[in-house]
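Below is data-v1.txt, which holds compact mmCIF, C-alpha atoms and all ligand atoms.
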```txt
# COMPACT_ATOMS: atom_id res chain seq x y z
CA MET T 1 64.12 42.98 -31.53
CA ASP T 2 62.37 45.33 -33.98
CA LYS T 3 58.69 46.18 -33.60
CA ILE T 4 56.16 46.95 -36.35
CA ILE T 5 52.85 48.32 -35.09
CA ILE T 6 49.71 47.57 -37.10
CA LYS T 7 46.23 48.82 -36.22
CA GLY T 8 44.12 45.81 -35.16
CA GLY T 9 40.77 44.75 -36.51
CA GLU T 10 39.35 43.46 -39.75
CA SER T 11 40.78 46.36 -41.76
CA SER T 12 44.27 44.91 -41.27
CA LYS T 13 43.45 41.84 -43.38
CA THR T 14 43.94 43.48 -46.78
CA TRP T 15 46.37 43.25 -49.72
CA GLN T 16 47.40 46.80 -49.02
CA GLN T 17 48.28 46.01 -45.41
CA ALA T 18 50.08 42.83 -46.48
CA GLU T 19 52.12 44.84 -48.96
CA GLU T 20 52.95 47.48 -46.34
CA LEU T 21 54.06 44.76 -43.95
CA ILE T 22 56.25 43.17 -46.64
CA GLU T 23 57.82 46.59 -47.35
CA ALA T 24 58.50 46.96 -43.62
CA LEU T 25 60.12 43.50 -43.50
CA ILE T 26 62.37 44.50 -46.39
CA ALA T 27 63.23 47.78 -44.63
CA HIS T 28 64.15 45.79 -41.49
CA ASP T 29 66.42 43.50 -43.56
CA MET T 30 64.40 40.43 -42.62
CA ASP T 31 65.82 37.30 -44.25
CA LYS T 32 65.23 33.53 -44.19
CA ASN T 33 66.81 33.36 -40.74
CA SER T 34 64.62 36.09 -39.28
CA PHE T 35 61.54 35.41 -37.20
CA ILE T 36 58.20 37.26 -37.14
CA LEU T 37 56.11 37.12 -33.97
CA ALA T 38 52.48 38.20 -34.27
CA VAL T 39 51.14 39.59 -31.00
CA GLY T 40 47.48 40.44 -31.47
CA GLY T 41 43.99 39.28 -32.35
CA GLY T 42 42.85 36.88 -35.06
CA ALA T 43 42.94 39.49 -37.81
CA LEU T 44 46.60 40.18 -37.09
CA SER T 45 47.58 36.50 -36.86
CA ASP T 46 45.80 35.89 -40.18
CA LEU T 47 47.75 38.75 -41.78
CA VAL T 48 51.13 37.84 -40.30
CA GLY T 49 50.67 34.12 -41.02
CA PHE T 50 49.90 34.96 -44.63
CA VAL T 51 52.83 37.34 -45.07
CA ALA T 52 55.24 34.96 -43.31
CA SER T 53 54.25 32.19 -45.69
CA ILE T 54 54.84 34.21 -48.87
CA TYR T 55 57.75 36.53 -47.94
CA LEU T 56 60.93 34.94 -49.37
CA ARG T 57 58.68 31.91 -50.04
CA GLY T 58 58.27 31.48 -46.32
CA ILE T 59 60.07 32.58 -43.15
CA PRO T 60 59.56 31.27 -39.59
CA PHE T 61 56.81 32.89 -37.55
CA GLY T 62 55.02 32.59 -34.24
CA ILE T 63 51.77 33.75 -32.67
CA ILE T 64 50.88 35.15 -29.27
CA PRO T 65 47.09 35.59 -29.37
CA THR T 66 45.75 38.53 -27.37
CA THR T 67 42.00 37.99 -27.84
CA ILE T 68 39.88 35.08 -26.64
CA LEU T 69 38.85 34.36 -30.20
CA ALA T 70 42.41 34.24 -31.45
CA ALA T 71 43.51 32.07 -28.51
CA VAL T 72 40.81 29.42 -28.90
CA ASP T 73 40.56 29.44 -32.68
CA ALA T 74 42.20 31.86 -35.12
CA SER T 75 45.79 31.30 -33.98
CA ILE T 76 45.53 27.51 -34.16
CA GLY T 77 45.52 25.25 -37.19
CA GLY T 78 47.68 27.14 -39.66
CA LYS T 79 44.97 28.74 -41.78
CA ASN T 80 45.45 32.40 -42.50
CA GLY T 81 43.71 34.77 -44.83
CA LEU T 82 43.09 38.19 -46.27
CA ASN T 83 39.76 39.73 -47.25
CA THR T 84 39.05 41.24 -50.63
CA ALA T 85 36.82 44.31 -50.88
CA LEU T 86 33.69 42.14 -50.92
CA TYR T 87 34.61 38.77 -49.55
CA LYS T 88 36.18 37.43 -46.37
CA ASN T 89 39.20 35.12 -46.33
CA LEU T 90 39.20 34.66 -50.09
CA ILE T 91 43.00 34.73 -50.23
CA GLY T 92 45.21 32.67 -47.96
CA THR T 93 47.58 29.83 -47.31
CA ILE T 94 47.78 27.01 -44.81
CA ARG T 95 51.00 27.19 -42.77
CA GLN T 96 51.51 26.23 -39.15
CA PRO T 97 53.28 28.71 -36.84
CA ASP T 98 56.67 27.61 -35.52
CA ILE T 99 55.82 28.72 -32.00
CA TRP T 100 52.61 29.51 -30.12
CA ALA T 101 52.31 30.94 -26.62
CA PHE T 102 49.73 32.78 -24.62
CA ASP T 103 49.48 34.96 -21.53
CA LEU T 104 46.23 35.55 -19.67
CA ARG T 105 47.23 39.10 -18.78
CA PHE T 106 46.45 40.27 -22.32
CA PHE T 107 42.75 39.56 -21.79
CA SER T 108 42.40 42.07 -18.94
CA SER T 109 42.17 44.94 -21.45
CA LEU T 110 39.65 43.21 -23.74
CA PRO T 111 36.26 44.91 -24.04
CA GLU T 112 33.21 42.85 -23.04
CA GLU T 113 32.06 42.30 -26.62
CA GLU T 114 35.44 40.81 -27.55
CA TRP T 115 35.06 38.32 -24.70
CA ALA T 116 31.59 37.45 -25.99
CA SER T 117 32.85 37.19 -29.57
CA GLY T 118 35.52 34.68 -28.47
CA PHE T 119 33.01 32.57 -26.58
CA ALA T 120 30.97 32.14 -29.77
CA GLU T 121 33.79 29.95 -31.12
CA ILE T 122 33.94 28.03 -27.82
CA ILE T 123 30.19 27.40 -28.11
CA LYS T 124 30.82 26.29 -31.70
CA TYR T 125 33.30 23.62 -30.54
CA ALA T 126 30.75 22.42 -28.00
CA CYS T 127 28.04 22.21 -30.66
CA ILE T 128 30.09 20.26 -33.17
CA THR T 129 32.02 17.84 -30.95
CA ASP T 130 31.48 18.12 -27.23
CA PRO T 131 28.10 17.95 -25.41
CA ILE T 132 29.95 17.87 -22.06
CA LEU T 133 31.61 21.20 -22.84
CA PHE T 134 28.17 22.52 -23.85
CA ALA T 135 26.67 21.48 -20.48
CA HIS T 136 29.70 22.92 -18.67
CA LEU T 137 29.24 26.28 -20.41
CA GLU T 138 25.56 26.25 -19.44
CA GLU T 139 26.56 26.17 -15.78
CA GLN T 140 28.57 29.41 -16.06
CA ASP T 141 28.38 32.73 -17.87
CA LEU T 142 30.68 35.29 -19.39
CA ASN T 143 31.25 37.14 -16.10
CA TYR T 144 32.35 33.94 -14.41
CA TYR T 145 35.19 33.49 -16.91
CA LYS T 146 36.10 37.16 -16.80
CA LYS T 147 36.36 37.10 -13.00
CA ASN T 148 37.96 33.67 -12.54
CA GLU T 149 41.29 33.79 -14.28
CA ASP T 150 41.97 30.15 -13.46
CA ALA T 151 38.85 28.93 -15.22
CA PHE T 152 39.79 30.10 -18.69
CA PRO T 153 42.99 28.04 -19.26
CA GLU T 154 41.02 24.86 -18.68
CA ILE T 155 38.48 25.72 -21.34
CA LEU T 156 41.27 26.90 -23.64
CA ARG T 157 42.97 23.51 -23.25
CA THR T 158 39.73 21.76 -24.25
CA CYS T 159 39.37 23.97 -27.33
CA LEU T 160 43.02 23.46 -28.35
CA LYS T 161 42.56 19.70 -28.10
CA ILE T 162 39.39 19.76 -30.20
CA LYS T 163 40.86 21.94 -32.92
CA ALA T 164 44.24 20.14 -32.95
CA ASN T 165 42.52 16.75 -33.32
CA VAL T 166 40.39 17.96 -36.20
CA VAL T 167 43.30 19.71 -37.94
CA GLN T 168 45.63 16.73 -37.52
CA GLU T 169 43.06 14.50 -39.15
CA ASP T 170 42.41 16.87 -42.04
CA ALA T 171 45.09 19.56 -42.33
CA GLU T 172 44.12 20.40 -45.92
CA ASP T 173 40.45 21.13 -45.16
CA LYS T 174 39.05 18.38 -47.40
CA GLY T 175 36.77 16.62 -44.92
CA ILE T 176 36.17 16.79 -41.17
CA ARG T 177 37.90 20.18 -40.82
CA LYS T 178 34.95 21.70 -42.66
CA THR T 179 32.81 21.05 -39.56
CA LEU T 180 34.75 23.88 -37.88
CA ASN T 181 32.83 26.13 -40.26
CA PHE T 182 29.57 25.48 -38.40
CA GLY T 183 27.74 28.83 -38.41
CA HIS T 184 30.39 30.44 -40.63
CA THR T 185 28.81 30.31 -44.11
CA LEU T 186 26.07 32.68 -43.03
CA GLY T 187 28.25 34.17 -40.28
CA HIS T 188 30.88 35.44 -42.71
CA ALA T 189 28.21 36.99 -44.94
CA ILE T 190 26.57 38.66 -41.92
CA GLU T 191 29.94 39.89 -40.62
CA LYS T 192 30.76 41.46 -43.99
CA ASN T 193 27.34 43.11 -44.19
CA THR T 194 27.02 44.49 -40.64
CA ASN T 195 29.20 46.02 -37.94
CA LEU T 196 29.12 42.85 -35.90
CA LYS T 197 32.27 41.22 -34.54
CA HIS T 198 33.33 37.88 -36.03
CA GLY T 199 31.97 35.81 -33.13
CA GLN T 200 28.72 37.78 -32.93
CA ALA T 201 28.03 37.11 -36.61
CA VAL T 202 28.98 33.45 -36.18
CA ALA T 203 26.51 33.19 -33.25
CA ILE T 204 23.67 34.24 -35.55
CA GLY T 205 24.99 31.91 -38.28
CA MET T 206 25.01 29.02 -35.79
CA LEU T 207 21.38 29.62 -34.82
CA TYR T 208 20.27 29.59 -38.44
CA ALA T 209 22.34 26.46 -39.08
CA ALA T 210 20.83 24.80 -36.01
CA GLU T 211 17.33 25.77 -37.16
CA LEU T 212 18.08 24.24 -40.59
CA SER T 213 19.41 21.18 -38.80
CA SER T 214 16.04 20.75 -37.10
CA LYS T 215 14.27 21.02 -40.40
CA ILE T 216 16.57 18.71 -42.36
CA LEU T 217 18.00 16.28 -39.82
CA GLY T 218 15.55 16.46 -36.95
CA PHE T 219 18.00 18.21 -34.60
CA PRO T 220 15.91 18.33 -31.37
CA LYS T 221 13.96 21.54 -30.80
CA GLU T 222 14.87 21.52 -27.11
CA ASP T 223 18.57 21.60 -28.05
CA LEU T 224 17.86 24.50 -30.39
CA LEU T 225 16.39 26.31 -27.40
CA ARG T 226 19.42 25.39 -25.27
CA LEU T 227 21.71 26.90 -27.91
CA GLN T 228 19.60 30.04 -28.03
CA ARG T 229 19.76 30.38 -24.22
CA LEU T 230 23.50 29.72 -24.15
CA LEU T 231 24.22 32.42 -26.74
CA LEU T 232 22.23 34.92 -24.67
CA GLN T 233 24.02 33.79 -21.51
CA TYR T 234 27.33 34.67 -23.20
CA GLN T 235 25.98 38.03 -24.38
CA LEU T 236 25.78 37.08 -28.03
CA PRO T 237 23.13 38.31 -30.47
CA LEU T 238 20.44 36.00 -31.87
CA LYS T 239 19.63 38.11 -34.90
CA ALA T 240 20.70 41.11 -36.95
CA GLU T 241 19.10 43.43 -39.45
CA ILE T 242 19.93 41.49 -42.58
CA LYS T 243 18.33 41.23 -45.99
CA LEU T 244 18.71 37.93 -47.77
CA ASN T 245 19.42 39.48 -51.16
CA GLU T 246 22.28 41.47 -49.63
CA ILE T 247 24.00 38.50 -48.02
CA TRP T 248 23.16 35.91 -50.67
CA ALA T 249 25.93 36.91 -53.10
CA LEU T 250 28.37 36.60 -50.22
CA VAL T 251 27.02 33.17 -49.33
CA LEU T 252 27.43 32.05 -52.94
CA LYS T 253 30.99 33.29 -53.04
CA ASP T 254 31.76 31.43 -49.86
CA LYS T 255 34.73 29.18 -50.43
CA LYS T 256 32.72 26.15 -49.42
CA LYS T 257 30.56 26.36 -52.56
CA SER T 258 30.95 23.75 -55.29
CA SER T 259 28.89 24.17 -58.47
CA GLN T 260 25.16 24.16 -57.73
CA SER T 261 25.50 23.05 -54.15
CA ILE T 262 27.11 24.17 -50.92
CA ASP T 263 28.74 22.07 -48.23
CA PHE T 264 26.77 23.26 -45.25
CA ILE T 265 27.53 22.19 -41.69
CA LEU T 266 24.52 20.92 -39.78
CA LEU T 267 24.01 19.27 -36.40
CA GLU T 268 22.57 15.80 -36.07
CA SER T 269 22.62 16.23 -32.31
CA LEU T 270 24.50 18.40 -29.83
CA GLY T 271 28.16 17.43 -30.27
CA LYS T 272 27.68 15.75 -33.65
CA ALA T 273 28.20 17.89 -36.75
CA VAL T 274 27.78 16.59 -40.28
CA ILE T 275 28.64 17.98 -43.70
CA GLU T 276 25.52 18.18 -45.88
CA ARG T 277 25.70 19.08 -49.53
CA LEU T 278 22.68 21.36 -50.03
CA GLU T 279 21.28 22.50 -53.34
CA ILE T 280 21.63 26.25 -53.65
CA ASP T 281 17.94 26.82 -54.45
CA TYR T 282 16.91 24.74 -51.47
CA LEU T 283 19.24 26.66 -49.17
CA TYR T 284 18.00 30.01 -50.49
CA ASN T 285 14.36 29.06 -49.92
CA SER T 286 15.03 27.64 -46.47
CA ILE T 287 16.96 30.70 -45.31
CA SER T 288 14.38 33.09 -46.72
CA GLN T 289 11.66 31.24 -44.78
CA LEU T 290 13.73 31.54 -41.61
CA LEU T 291 14.26 35.25 -42.19
CA VAL T 292 10.55 35.84 -42.71
CA ALA T 293 9.55 33.81 -39.68
CA PRO T 294 12.53 33.23 -37.40
CA LYS T 295 11.81 30.76 -34.62
CA PHE T 296 14.01 32.70 -32.22
N1 LIG T 301 42.64 31.57 -39.35
C1 LIG T 301 41.67 30.99 -38.70
O1 LIG T 301 41.62 29.75 -38.56
C2 LIG T 301 40.58 31.84 -38.11
C3 LIG T 301 39.61 31.26 -37.27
C4 LIG T 301 38.66 32.09 -36.71
C5 LIG T 301 38.68 33.45 -36.97
N2 LIG T 301 39.62 33.97 -37.80
C6 LIG T 301 39.67 35.41 -38.08
O2 LIG T 301 39.99 36.06 -36.87
C7 LIG T 301 39.46 37.39 -36.94
C8 LIG T 301 38.75 37.72 -35.67
O3 LIG T 301 39.70 37.68 -34.62
P1 LIG T 301 39.50 38.59 -33.31
O4 LIG T 301 38.15 38.37 -32.79
O5 LIG T 301 40.68 38.36 -32.45
O6 LIG T 301 39.45 40.05 -33.92
P2 LIG T 301 40.56 41.19 -34.15
O7 LIG T 301 41.89 40.62 -34.42
O8 LIG T 301 39.94 42.08 -35.14
O9 LIG T 301 40.61 41.88 -32.71
C9 LIG T 301 39.47 42.52 -32.24
C10 LIG T 301 39.83 43.90 -31.67
O10 LIG T 301 40.48 43.72 -30.41
C11 LIG T 301 41.69 44.49 -30.37
N3 LIG T 301 42.56 43.78 -29.44
C12 LIG T 301 43.37 42.71 -29.67
N4 LIG T 301 43.92 42.30 -28.52
C13 LIG T 301 43.48 43.13 -27.54
C14 LIG T 301 43.69 43.20 -26.13
N5 LIG T 301 44.43 42.29 -25.49
N6 LIG T 301 43.07 44.18 -25.44
C15 LIG T 301 42.26 45.08 -26.07
N7 LIG T 301 42.00 45.06 -27.40
C16 LIG T 301 42.61 44.08 -28.12
C17 LIG T 301 42.14 44.54 -31.81
O11 LIG T 301 42.99 45.63 -32.04
C18 LIG T 301 40.80 44.69 -32.52
O12 LIG T 301 40.38 46.02 -32.53
C19 LIG T 301 38.53 37.45 -38.16
O13 LIG T 301 39.17 38.12 -39.20
C20 LIG T 301 38.35 35.99 -38.51
O14 LIG T 301 38.09 35.81 -39.89
C21 LIG T 301 40.58 33.20 -38.36
```
Output the file's structure as structure tokens, nothing else.
Ligand SMILES: NC(=O)c1ccc[n+]([C@@H]2O[C@H](COP(=O)([O-])OP(=O)(O)OC[C@H]3O[C@@H](n4cnc5c(N)ncnc54)[C@H](O)[C@@H]3O)[C@@H](O)[C@H]2O)c1
Amino acid sequence: MDKIIIKGGESSKTWQQAEELIEALIAHDMDKNSFILAVGGGALSDLVGFVASIYLRGIPFGIIPTTILAAVDASIGGKNGLNTALYKNLIGTIRQPDIWAFDLRFFSSLPEEEWASGFAEIIKYACITDPILFAHLEEQDLNYYKKNEDAFPEILRTCLKIKANVVQEDAEDKGIRKTLNFGHTLGHAIEKNTNLKHGQAVAIGMLYAAELSSKILGFPKEDLLRLQRLLLQYQLPLKAEIKLNEIWALVLKDKKKSSQSIDFILLESLGKAVIERLEIDYLYNSISQLLVAPKF
């Protein structure tokens, strides 16, 4: 088995890195019968999934996620993507891995903030589909999951079920799958504009989306507070130094935009996400009001 080592992190999701990987596959004589196994975080599985789906018009590949975030989210569902200089995930394909496996031992070397970043996506699943999972998370904290190895597989199983159900219903991302983007429209823009980890930026995006949900759909204020408390409990940030004009262009370029409106994911209640088509001007004004006077 040949190994190709790639430096992890967001910088690996580029055209240049994809090209270098393709050159390496050629150098290793990889053909249609070869197999690529991605062992790494979500950035690496996005890169390898993309390259595996275009090299020789597609060769078999598998994923072994080594971060919490990759295990519960990025490695599942077949989406992969590269960033351009300005925008996240603008290039990509949808292709399911041929195998998927995971081993808890990888997580022992993960820094605390990577644990927290992964739990942001777990909290997202709870917000959009599963109030019981939300309540369960409220009873524990990040340290509990770090110290109790047996507790994580159970929560991973729940997340896999949620994502698999959604993806099976809408593999092509035309309907319900969009709810998985809760917190991500703003989250991606914040991630691109700060040094925050993916999950940390998504946490802030979720709070803004929940605040908008209160304003537009009457999402209960007490549940907004519960979300705020839960994010803190899992060591996630509630805000970042962001300027609306700096992230707005990124929001507009978000792949969920269609003409003068954006499909934005809001919460009707905890566990019930809906897709709302929001006028761009309305969204801009609402977010700028939140930035001036955040309620959290
Ligand atoms: N395709 C999808 O459906 C999907 C879904 C969610 C997120 N994503 C993408 O996933 C990426 C985020 O994934 P991530 O949080 O895994 O980030 P990452 O892949 O950047 O990994 C974070 C850091 O942890 C390091 N690392 C990986 N495994 C480790 C281990 N076991 N011990 C110590 N360090 C380790 C990496 O080298 C990197 O520096 C983003 O690019 C995001 O856009 C994709």
### Task
List all protein, DNA and RNA residues that have at least one atom no more than 7 Å from any atom of ligand LIG 301 (chain T), counting only C-alpha atoms and all ligand atoms, and write them as a ChimeraX atom specification.
/T:7-10,40-44,46,66-70,73-81,88-89,106-111,114,117-118,197-199
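Using all atoms listed in the file for every distance, the candidate list T:Cys159, T:Val202, T:Leu196, T:Ala120 yields T:Ala120 as the residue closest to Tyr234 in chain T.
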Produce a table with one row for each residue of range 185-249 of chain T that has an atom at most 9 Å from any atom of range 264-268 of chain T, each row naming the nearest atom pair and its distance in Å at one decimal; use only C-alpha atoms; arrange rows by chain and rising residue number; format as CSV.
```
residue,atom,partner,partner_atom,distance
T:Thr185,CA,T:Phe264,CA,7.4
T:Ala209,CA,T:Leu266,CA,6.0
T:Ala210,CA,T:Leu267,CA,6.4
T:Leu212,CA,T:Leu266,CA,7.3
T:Ser213,CA,T:Leu266,CA,5.2
T:Ser214,CA,T:Leu267,CA,8.1
T:Ile216,CA,T:Leu266,CA,8.6
T:Leu217,CA,T:Glu268,CA,5.9
T:Gly218,CA,T:Glu268,CA,7.1
T:Phe219,CA,T:Glu268,CA,5.4
T:Pro220,CA,T:Glu268,CA,8.5
```
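Considering the residues T:Pro237, T:Pro153, T:Gly271, T:Pro131 and counting all atoms listed in the file, Thr179 in chain T has its shortest atom-to-atom contact with T:Gly271.
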**Prompt:** Do you know which residues are at most 10 Å from range 18-29 of chain T counting only C-alpha atoms, after dropping those on the same chain fewer than 2 positions away, and could you put them as a VMD selection string?
**Reply:** chain T and resid 2 to 6 12 to 16 31 34 36 47 to 48 50 to 52 54 to 56 82
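For the set T:Lys253, T:Lys272, T:Lys243, T:Arg57, the residue with the smallest atom-to-atom gap to Leu290 in chain T is T:Lys243, counting all atoms listed in the file.
Distances from T:Asn143, T:Asn33, T:Asn195, T:Thr84 to Leu250 in chain T were compared using only C-alpha atoms, and the smallest one belongs to T:Thr84.
With distances taken over all atoms listed in the file, T:Leu142 is the one residue among T:Leu283, T:Leu142, T:Val251, T:Val166 lying closest to Leu231 in chain T.
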Within 9 Å of (30.7, 23.5, -33.4) in the file's own coordinates, which protein, DNA or RNA residues have an atom, counting all atoms listed in the file? List them as a count of residues only.
22
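We find CA of Gln235 in chain T and CA of Ala116 in chain T to be spaced 5.9 Å apart.
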If we count all atoms listed in the file, what is near Glu279 in chain T at a cut-off of 10 Å, once residues fewer than 6 positions away on the same chain are taken out, given as a VMD selection string?
-> chain T and resid 258 to 264
Selection file, C-alpha atoms, as a PDB file, in the frame of the given file:
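Output file out36.pdb follows:
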```pdb
ATOM      1  CA  SER T 258      30.950  23.750 -55.290  1.00  0.00           C
ATOM      2  CA  SER T 259      28.890  24.170 -58.470  1.00  0.00           C
ATOM      3  CA  GLN T 260      25.160  24.160 -57.730  1.00  0.00           C
ATOM      4  CA  SER T 261      25.500  23.050 -54.150  1.00  0.00           C
ATOM      5  CA  ILE T 262      27.110  24.170 -50.920  1.00  0.00           C
ATOM      6  CA  ASP T 263      28.740  22.070 -48.230  1.00  0.00           C
ATOM      7  CA  PHE T 264      26.770  23.260 -45.250  1.00  0.00           C
TER       8      PHE T 264
END
```
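Restricting the calculation to all atoms listed in the file, the smallest distance between Ala171 in chain T and any of T:Leu104, T:Ile94, T:Leu230, T:Ala240 is found for T:Ile94.
CA of Asp281 in chain T is positioned 19.0 Å from CA of Ile242 in chain T.
Straight-line separation from CA of Glu154 in chain T to CA of Leu225 in chain T: 26.2 Å.
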**Prompt:** For the point (51.7, 34.2, -38.4) in file coordinates, what residues are within 6 Å, counting only C-alpha atoms? Give the answer as a ChimeraX atom specification?
**Reply:** /T:38,45,48-49,61-63,97
Block slice range 83-91 of chain T, all heavy atoms, emitted as a compact mmCIF listing (two decimals), in the first residue's frame:
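result-v1.txt written:
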```txt
# COMPACT_ATOMS: atom_id res chain seq x y z
N ASN T 83 -12.23 24.86 -2.09
CA ASN T 83 -12.46 26.30 -1.96
C ASN T 83 -11.76 27.02 -3.12
O ASN T 83 -10.75 26.55 -3.63
CB ASN T 83 -11.86 26.82 -0.65
CG ASN T 83 -12.40 26.06 0.56
OD1 ASN T 83 -13.53 25.60 0.56
ND2 ASN T 83 -11.57 25.95 1.59
N THR T 84 -12.31 28.16 -3.51
CA THR T 84 -11.55 29.05 -4.38
C THR T 84 -10.89 30.08 -3.46
O THR T 84 -11.10 30.04 -2.24
CB THR T 84 -12.46 29.76 -5.40
OG1 THR T 84 -13.36 30.58 -4.67
CG2 THR T 84 -13.24 28.77 -6.25
N ALA T 85 -10.14 31.02 -4.05
CA ALA T 85 -9.43 31.97 -3.19
C ALA T 85 -10.41 32.67 -2.24
O ALA T 85 -10.12 32.87 -1.07
CB ALA T 85 -8.71 32.99 -4.05
N LEU T 86 -11.60 33.03 -2.75
CA LEU T 86 -12.53 33.79 -1.91
C LEU T 86 -13.64 32.97 -1.29
O LEU T 86 -14.16 33.33 -0.24
CB LEU T 86 -13.17 34.91 -2.76
CG LEU T 86 -12.30 36.10 -3.09
CD1 LEU T 86 -13.09 37.11 -3.92
CD2 LEU T 86 -11.80 36.77 -1.82
N TYR T 87 -14.04 31.91 -1.96
CA TYR T 87 -15.27 31.26 -1.52
C TYR T 87 -15.06 29.80 -1.15
O TYR T 87 -14.29 29.10 -1.78
CB TYR T 87 -16.33 31.35 -2.63
CG TYR T 87 -16.58 32.76 -3.07
CD1 TYR T 87 -16.22 33.17 -4.35
CD2 TYR T 87 -17.13 33.69 -2.20
CE1 TYR T 87 -16.43 34.48 -4.75
CE2 TYR T 87 -17.34 35.00 -2.59
CZ TYR T 87 -16.98 35.39 -3.88
OH TYR T 87 -17.17 36.68 -4.26
N LYS T 88 -15.85 29.37 -0.14
CA LYS T 88 -15.75 27.99 0.32
C LYS T 88 -16.62 27.05 -0.51
O LYS T 88 -17.74 27.40 -0.89
CB LYS T 88 -16.25 27.92 1.78
CG LYS T 88 -15.13 27.85 2.80
CD LYS T 88 -15.68 27.60 4.18
CE LYS T 88 -16.02 26.16 4.45
NZ LYS T 88 -14.89 25.22 4.54
N ASN T 89 -16.11 25.86 -0.75
CA ASN T 89 -16.90 24.78 -1.36
C ASN T 89 -17.60 25.15 -2.67
O ASN T 89 -18.68 24.66 -2.95
CB ASN T 89 -17.97 24.27 -0.37
CG ASN T 89 -17.36 23.70 0.89
OD1 ASN T 89 -16.20 23.29 0.89
ND2 ASN T 89 -18.12 23.69 1.96
N LEU T 90 -16.97 26.05 -3.44
CA LEU T 90 -17.64 26.49 -4.67
C LEU T 90 -17.53 25.44 -5.77
O LEU T 90 -18.31 25.42 -6.71
CB LEU T 90 -17.02 27.81 -5.13
CG LEU T 90 -17.94 28.74 -5.90
CD1 LEU T 90 -19.13 29.15 -5.05
CD2 LEU T 90 -17.20 29.98 -6.37
N ILE T 91 -16.54 24.55 -5.63
CA ILE T 91 -16.31 23.52 -6.64
C ILE T 91 -16.51 22.17 -5.95
O ILE T 91 -16.04 22.00 -4.83
CB ILE T 91 -14.84 23.59 -7.13
CG1 ILE T 91 -14.54 24.97 -7.66
CG2 ILE T 91 -14.53 22.51 -8.14
CD1 ILE T 91 -13.09 25.34 -7.48
```
